[in-house]
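Enquirer: I'd like to ask some things about the structure below.
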Amino acid sequence: MSYRRIKVEDLSKAVNGDVSPVRKEELKPLPPPYDRPEATPELAGLDEGARERYAADLDGTCVLNIPKPKDEAEERALVERFLSGLEKLFTKENNWTFLQPLLLSMEHCAGCHTCSESCHIYEMSGRNPIYRPAYRSEVLRRLYKRYVRKGGSLLSDFRSGRIRLNWRLVARLAELSYRCNLCRRCAQTCPIGVDNGLIAHEIRKLFSQEMGIAPKELHELGSVQQLRVGSSTGMSALVVKDNIEFIDEEMSDLTGLPVETPWDKAGADILLIHNAGEILAWPENPGAFAVIFEAAGLSWTLSSDIAAYDSINYGLFYDDVQFARTAIHHASAAKKLGVKKIVLGECGHAHKALTVIADRVLTGDLAIPRESALTTLEDIVLNGKIRVDPSRNDFPVTLHDPCNIVRNMGIVMPQRRVLEKIAPRFREMTPHGVDNYCCGGGSGFAIMSGHNFADWRNQVSGRKKLEQILLAFAGELDPETPKYVCAPCSNCKGQLRDLIAYHGLWEKHRILYGGLVELIVNCMTDVKPGFIDWEFH
Amino acid sequence: MTALHVVSLACLGVFLLAVIYRFVRIARLPVHVRWELYPVAHEKGRARYGGSYFEELNWWTKPRETSVLGELRVMVPEILLLAGVRHRNRSHWYRSFPFHFGLYLVVATTLLLTVNGVIEAAGGAGFGRLLARLTAGLGYAGFGLGLLGAAALFLRRLGNPEYREFTKPTDFANLLFFTAAFAVALAAQVLFDPDFSRMRGFFAGFFGAPAPGLAPLQGLQVVLLSLLAAYVPLTHMSHFFTKYFLYHDIRWNDTPLAPGSRLEKRMQEVLELKPTWSAPHIRGDGRKTWVDVATSAPGDDAGEKGGAS
Ligand code: SF4
Ligand code: SF4
């Protein structure tokens with residue numbers, strides 16, 4: 001039995017249970033040996049307590065914890081605040097940042113459904129109708145035509161389709177904007193150029209910037225903490241320096257090379273900014289960067305200024321103001337040190353945030369050039385600035401393309417040229433490059449695990465990546481052969497860590513994940529063999 | 001010039017005004033942040049696989065190489081053949097392509113009839129046999145394909161729940177309008193003007209030549225097609241030209257900010273706009289600018305600056 005059909009206007013209707021709950025039996029089957037239903041865990045339901053407290057009746061999970069209105073006055077207030085935000089979203093004073101793309105996407109969908117086939121969430125959910133890329137867009141489009149363009153109810157119904165605005169619709173639309181990875185694969189396939197990923201992003205902005213509604217992992221614990229303490233991990237400058245010193249010692253022991261990370265070195269060529277999550281979760285990644293940069297003789301430094309030792313910019317996913325604040329901190333730190341360029345470590349959203357989206361915001365002396373570490377690394381590896389022995393990487397390797405680096409920035413080949421040189425058993429996923437699929441953790445999902453959302457990520461949004469990984473290693477799945485998924489992005493690694501653990505890929509098939517720099521150090525001839533620790537994962 | 005000519009010209013006027021109005025409205029929207037999507041067709045040597053200039057070491061020190069040919073290579077098959085839909089949504093393409101291609105042929109026929117009209121009005125003999133036949137052939141093909149496509153799209157929207165759920169009453173009405181206009185045009189030409197000679201004469205009438213009368217069904221044909229032309233740019237079907245912005249201004253706009261450029265000036269202007277977002281971490285009051293807000297810490301009161309150095 002497939003999902004019940006859900007019309008656009010159904011999003012405001014009272015229902016028994018959820019509007020369109022994800023059902024395990026509908027999920028797209030995985031390749032062997034995960035093709036039997038019992039090979040994957042049961043989907044955890046949303047607990048009753050959450051259902052009672054929160055407006056959480058969309059699809060069986062919940063990320064926003066919007067309190068259920070207690071009475072009519074609260075219901076009305078929710079709707080009024082939403083309407084106020086909706087109007088602002090379409091004014092240049094409030095939304096010059098995306099007004100033109102948003103308006104064009106609002107006015108031009110032809111309803112051809114070409115985008116549906118491109119969305120991994122829609123496909124792998126077994127085609128849950130509310131996950132169609134155009135579904136949430138069409139809800140916003142009808143609201144825009146009716147309430148911003150003031151279409152009048154009857155005429156608007158005829159011209160733009162029916163919609164009824166009530167608190168249920170508001171709460172569900174907010175949740176629905178967090179069932180999209182903002183990967184923009186659908187936008188790539190739209191013949192007209194409509195961008196459903198952008199529309200999900202704009203809905204998130206409306207809720208955050210007007211109503212103060214955003215996932216706490218992205219806002220309070222994310223961008224607010226980063227701007228207050230210095231990092232969304234909660235690390236102060238003192239703590240991060242301590243941690244890096246510890247990592248340097250570890251790296252020196254492990255590689256046999258002296259490693260000392262420079263801090264706040266004025267006049268260095270490069271300000272390297274890592275996603276600070278790496279320092280805590282995958283210390284070998286910033287460690288490997290230090291090993292490579294030192295061995296290649298680069299002039300580089302980290303900065304201990306507030307927010308400048310953490311390239312994270314979660315504002316990219318939900319809030320233009322938080323975005324701009326963070327980007328300005330990053331550029332200000334570089335200006336203060338007088339570096340020639342900022343190099344972004346292995347973090348996809350940080351790449352796009354500071355290089356592309358902030359490009360026009362960073363004017364005047366804040367316009368310091370930004371470069372991807374993948375490009376820097378390509379120069380080091382391919383131009384012989386370090387010596388490598390590819391035979392040390394004699395195991396199957398596949399590459400995950402982070403959407404923000406590849407589809408959204410066009411950095412496709414540097415990482416491949418490095419892998420072709422250092423990983424003799426490298427093979428691509430299908431499809432790959434700019435046609436890649438999101439890991440399922442994009443747009444902040446990788447750090448969001450409230451209620452049963454981790455289940456949803458591992459079973460629905462991450463399912464396509466799981467399928468791709470299994471197919472990339474088909475025929476070599478036996479646990480005798482260790483295999484490596486190279487994911488040069490911190491958020492993607494967070495998602496892969498969860499996906500691999502949830503589905504037992506390490507225990508059953510010896511599939512490990514990691515960044516690009518770890519593979520490079522693993523085959524550096526000046527380094528002691530065995531840098532990648534297969535057992536510690 | 002007859003009343004029919006006047007109706008057609010009035011519709012043409014509405015068409016032009018609507019296109020210009022929309023064009024200017026979009027072009028005057030404030031500059032937005034970059035939001036490109038790869039492949040960017042003008043990236044020389046890299047568009048093939050979706051690469052960008054960010055792949056270059058110290059990219060800002062290198063000349064940017066773009067290729068108009070690269071854009072044409074994508075745009076021409078996209079516009080003429082709906083290449084994207086063909087590749088990704090074949091079953092829809094079987095309906096959408098004849099509809100769109102039919103429209104192109106009708107436009108081509110109109111242009112040929114106009115050229116012929118100018119020649120005839122200037123005292124020339126008009127098109128020779130071959131060109132006249134070509135004009136009629138294109139016209140029949142256009143009306144036929146357009147009719148087929150519009151009817152097939154209408155039926156799909158009616159019969160397929162996936163499509164029906166997103167179809168507004170106005171979409172059905174639009175498709176019926178197209179279906180009716182093409183059906184009338186086809187019937188009128190076949191029954192009353194199989195070689196398009198009366199229609200050629202009608203077009204010469206726009207330019208002062210004495211116009212022979214059209215059959216009543218042809219009159220209806222002219223009215224319906226003229227109204228259609230006036231109506232299209234007033235609707236979401238204006239994508240036939242707004243696509244320019246969607247591709248050039250957004251998807252393929254990878255122009256980096258150059259210090260001292262016009263773009264930088266435009267950016268500085270928008271940074272002075274004053275937001276009114278109400279969330280506690282912004283508290284936009286319509287007095288603080290975007291610069292003020294972006295350089296304050298979350299929750300700061302007006303003017304109090306955060307930690308950016
Ligand atoms: S967004 Fe684009 S691809 Fe999707 S239905 Fe609309 S026009 Fe078609
Ligand atoms: S942006 Fe990605 S996740 Fe979101 S609707 Fe489009 S394809 Fe799906």
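Order determines the names: the first chain of the structure tokens is A, the second B, and so forth; residues in each chain are numbered 1 upward, and ligands are numbered 1 upward as they are shown.
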For Lys13 of chain A, find every residue with an atom within 10 Å (counting only C-alpha atoms), except residues of its own chain fewer than 4 positions away, and show them as JSON, numbers by chain.

Expert: {"A": [9, 19, 164, 165, 166, 168, 169]}

Enquirer: Dump as a tab-separated table the rows for residues of chain B within 12 Å of ligand 1: closest atom pair and distance in Å with one decimal, only C-alpha atoms and all ligand atoms counted, ordered by chain and rising residue number.

Expert:
```
residue	atom	partner	partner_atom_place_in_ligand_line	distance
B:Gly84	CA	ligand 1	3 (S)	9.6
B:Val85	CA	ligand 1	3 (S)	8.4
B:Arg88	CA	ligand 1	3 (S)	9.6
B:Asn89	CA	ligand 1	3 (S)	9.3
B:His92	CA	ligand 1	8 (Fe)	10.2
B:Trp93	CA	ligand 1	8 (Fe)	11.5
B:Ser96	CA	ligand 1	8 (Fe)	11.4
B:Glu162	CA	ligand 1	5 (S)	10.5
B:Tyr163	CA	ligand 1	5 (S)	9.1
B:Glu165	CA	ligand 1	5 (S)	11.6
B:Phe166	CA	ligand 1	5 (S)	8.7
B:Thr167	CA	ligand 1	5 (S)	10.6
B:His236	CA	ligand 1	7 (S)	10.2
B:Met237	CA	ligand 1	7 (S)	10.6
B:His239	CA	ligand 1	7 (S)	9.8
B:Lys243	CA	ligand 1	7 (S)	11.2
B:Leu246	CA	ligand 1	2 (Fe)	11.4
```

Enquirer: If you run DSSP on the backbone, which residues of segment 214-384 of chain A are helix (DSSP H, G or I), as a PyMOL selection string?

Expert: chain A and resi 219-229+237-255+276-281+284-295+315-318+320-337+348-357+364-366+373-382

Enquirer: Show me, as a PyMOL selection string, every residue of chain B with an atom at most 7 Å from chain A, counting only C-alpha atoms.

Expert: chain B and resi 26+29-39+50-52+54-57+84-85+88-89+165-166+168-170+236+239+243+246-247+250+256-257+259+264+267+273-280+294-295+298+308-309

Enquirer: Write to file, as a PDB file, in the first residue's frame, the residues of the selection just made, with C-alpha atoms.

Expert:
```pdb
ATOM      1  CA  ILE B  26      12.694  42.206 -12.063  1.00  0.00           C
ATOM      2  CA  LEU B  29      15.003  44.433  -7.711  1.00  0.00           C
ATOM      3  CA  PRO B  30      17.954  44.924  -5.392  1.00  0.00           C
ATOM      4  CA  VAL B  31      21.153  43.031  -5.995  1.00  0.00           C
ATOM      5  CA  HIS B  32      21.073  39.689  -4.195  1.00  0.00           C
ATOM      6  CA  VAL B  33      23.767  37.520  -2.683  1.00  0.00           C
ATOM      7  CA  ARG B  34      25.401  34.950  -4.907  1.00  0.00           C
ATOM      8  CA  TRP B  35      23.430  31.779  -5.353  1.00  0.00           C
ATOM      9  CA  GLU B  36      24.914  30.036  -8.337  1.00  0.00           C
ATOM     10  CA  LEU B  37      24.425  26.397  -9.136  1.00  0.00           C
ATOM     11  CA  TYR B  38      26.833  24.233 -11.093  1.00  0.00           C
ATOM     12  CA  PRO B  39      27.350  23.433 -13.902  1.00  0.00           C
ATOM     13  CA  GLY B  50      30.463  21.446 -13.634  1.00  0.00           C
ATOM     14  CA  GLY B  51      33.746  22.968 -12.466  1.00  0.00           C
ATOM     15  CA  SER B  52      34.385  26.574 -11.481  1.00  0.00           C
ATOM     16  CA  PHE B  54      37.408  28.105  -7.491  1.00  0.00           C
ATOM     17  CA  GLU B  55      39.339  25.023  -8.607  1.00  0.00           C
ATOM     18  CA  GLU B  56      42.347  27.228  -9.372  1.00  0.00           C
ATOM     19  CA  LEU B  57      45.022  27.945  -6.796  1.00  0.00           C
ATOM     20  CA  GLY B  84      16.247  19.022 -19.507  1.00  0.00           C
ATOM     21  CA  VAL B  85      12.690  17.686 -19.398  1.00  0.00           C
ATOM     22  CA  ARG B  88      14.755  13.815 -16.803  1.00  0.00           C
ATOM     23  CA  ASN B  89      11.019  13.518 -17.293  1.00  0.00           C
ATOM     24  CA  GLU B 165      -3.032  18.025  -7.022  1.00  0.00           C
ATOM     25  CA  PHE B 166      -0.863  20.900  -8.149  1.00  0.00           C
ATOM     26  CA  LYS B 168      -5.101  25.272 -10.276  1.00  0.00           C
ATOM     27  CA  PRO B 169      -8.427  25.976 -11.988  1.00  0.00           C
ATOM     28  CA  THR B 170      -6.628  28.659 -13.916  1.00  0.00           C
ATOM     29  CA  HIS B 236       3.470  32.385 -14.887  1.00  0.00           C
ATOM     30  CA  HIS B 239       8.865  32.162 -17.953  1.00  0.00           C
ATOM     31  CA  LYS B 243      14.091  32.398 -17.586  1.00  0.00           C
ATOM     32  CA  LEU B 246      16.685  32.735 -13.539  1.00  0.00           C
ATOM     33  CA  TYR B 247      19.674  31.521 -15.506  1.00  0.00           C
ATOM     34  CA  ILE B 250      21.030  33.546 -10.438  1.00  0.00           C
ATOM     35  CA  PRO B 256      33.022  37.775  -7.777  1.00  0.00           C
ATOM     36  CA  LEU B 257      32.942  41.128  -6.032  1.00  0.00           C
ATOM     37  CA  PRO B 259      36.881  46.199  -5.065  1.00  0.00           C
ATOM     38  CA  GLU B 264      30.367  46.890  -4.717  1.00  0.00           C
ATOM     39  CA  MET B 267      26.080  46.293  -2.303  1.00  0.00           C
ATOM     40  CA  LEU B 273      18.579  49.271   4.111  1.00  0.00           C
ATOM     41  CA  LYS B 274      16.812  49.022   7.458  1.00  0.00           C
ATOM     42  CA  PRO B 275      15.250  45.684   8.394  1.00  0.00           C
ATOM     43  CA  THR B 276      12.321  45.268  10.765  1.00  0.00           C
ATOM     44  CA  TRP B 277      12.625  41.576  11.598  1.00  0.00           C
ATOM     45  CA  SER B 278      11.215  41.108  15.085  1.00  0.00           C
ATOM     46  CA  ALA B 279      12.958  38.020  16.490  1.00  0.00           C
ATOM     47  CA  PRO B 280      14.775  38.703  19.781  1.00  0.00           C
ATOM     48  CA  ALA B 294      25.310  42.440  11.260  1.00  0.00           C
ATOM     49  CA  THR B 295      27.946  44.020  13.461  1.00  0.00           C
ATOM     50  CA  PRO B 298      22.522  38.514  18.946  1.00  0.00           C
ATOM     51  CA  ALA B 308      33.765  41.813  15.648  1.00  0.00           C
ATOM     52  CA  SER B 309      37.098  43.562  15.616  1.00  0.00           C
TER      53      SER B 309
END
```

Enquirer: Would you compute the distance between atom CA of Trp252 of chain B and atom CA of Ala47 of chain B? Give it in Å to one decimal.

Expert: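 For atom CA of Trp252 of chain B relative to atom CA of Ala47 of chain B, the distance reads 10.7 Å.
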
Enquirer: Please find the residues contacting ligand 2 at a distance of at most 7 Å between atoms, with only C-alpha atoms and all ligand atoms counted, and report them as a list in words.

Expert: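 The residues near ligand 2 are Ser118, Cys119, His120, Ile121, Tyr122, Arg132, Pro133, Cys180, Asn181, Leu182, Cys183, Arg184, Arg185, Cys186, Ala187, Asn196 and Gly197 of chain A.
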
Enquirer: Between atom CA of Ala334 of chain A and atom CA of Glu284 of chain A, what is the distance, to one decimal in Å?

Expert: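 That distance, rounded to one decimal, is 24.5 Å.
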
Enquirer: Determine, counting only C-alpha atoms, which protein, DNA and RNA residues have an atom within 12 Å of an atom of Ala73 of chain A; residues of the same chain fewer than 6 positions away are not included. Present the result as a list of chain:residue names.

Expert: A:Val79, A:Glu80, A:Trp167

Enquirer: Include N, CA and C atoms and write out the residues we just selected as an mmCIF file, in the first residue's frame.

Expert:
```cif
data_model
loop_
_atom_site.group_PDB
_atom_site.id
_atom_site.type_symbol
_atom_site.label_atom_id
_atom_site.label_comp_id
_atom_site.auth_asym_id
_atom_site.auth_seq_id
_atom_site.Cartn_x
_atom_site.Cartn_y
_atom_site.Cartn_z
ATOM 1 N N VAL A 79 -0.494 32.664 13.994
ATOM 2 C CA VAL A 79 -0.828 32.992 12.608
ATOM 3 C C VAL A 79 -0.436 34.446 12.293
ATOM 4 N N GLU A 80 -0.716 35.340 13.244
ATOM 5 C CA GLU A 80 -0.405 36.758 12.975
ATOM 6 C C GLU A 80 1.083 37.006 12.849
ATOM 7 N N TRP A 167 -3.223 27.879 12.368
ATOM 8 C CA TRP A 167 -2.009 27.597 13.138
ATOM 9 C C TRP A 167 -1.402 26.261 12.758
#
```

Enquirer: To one decimal place in Å, what is the distance between atom CA of Lys145 of chain A and atom CA of Glu87 of chain A?

Expert: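 Distance reported for this atom pair: 11.0 Å.
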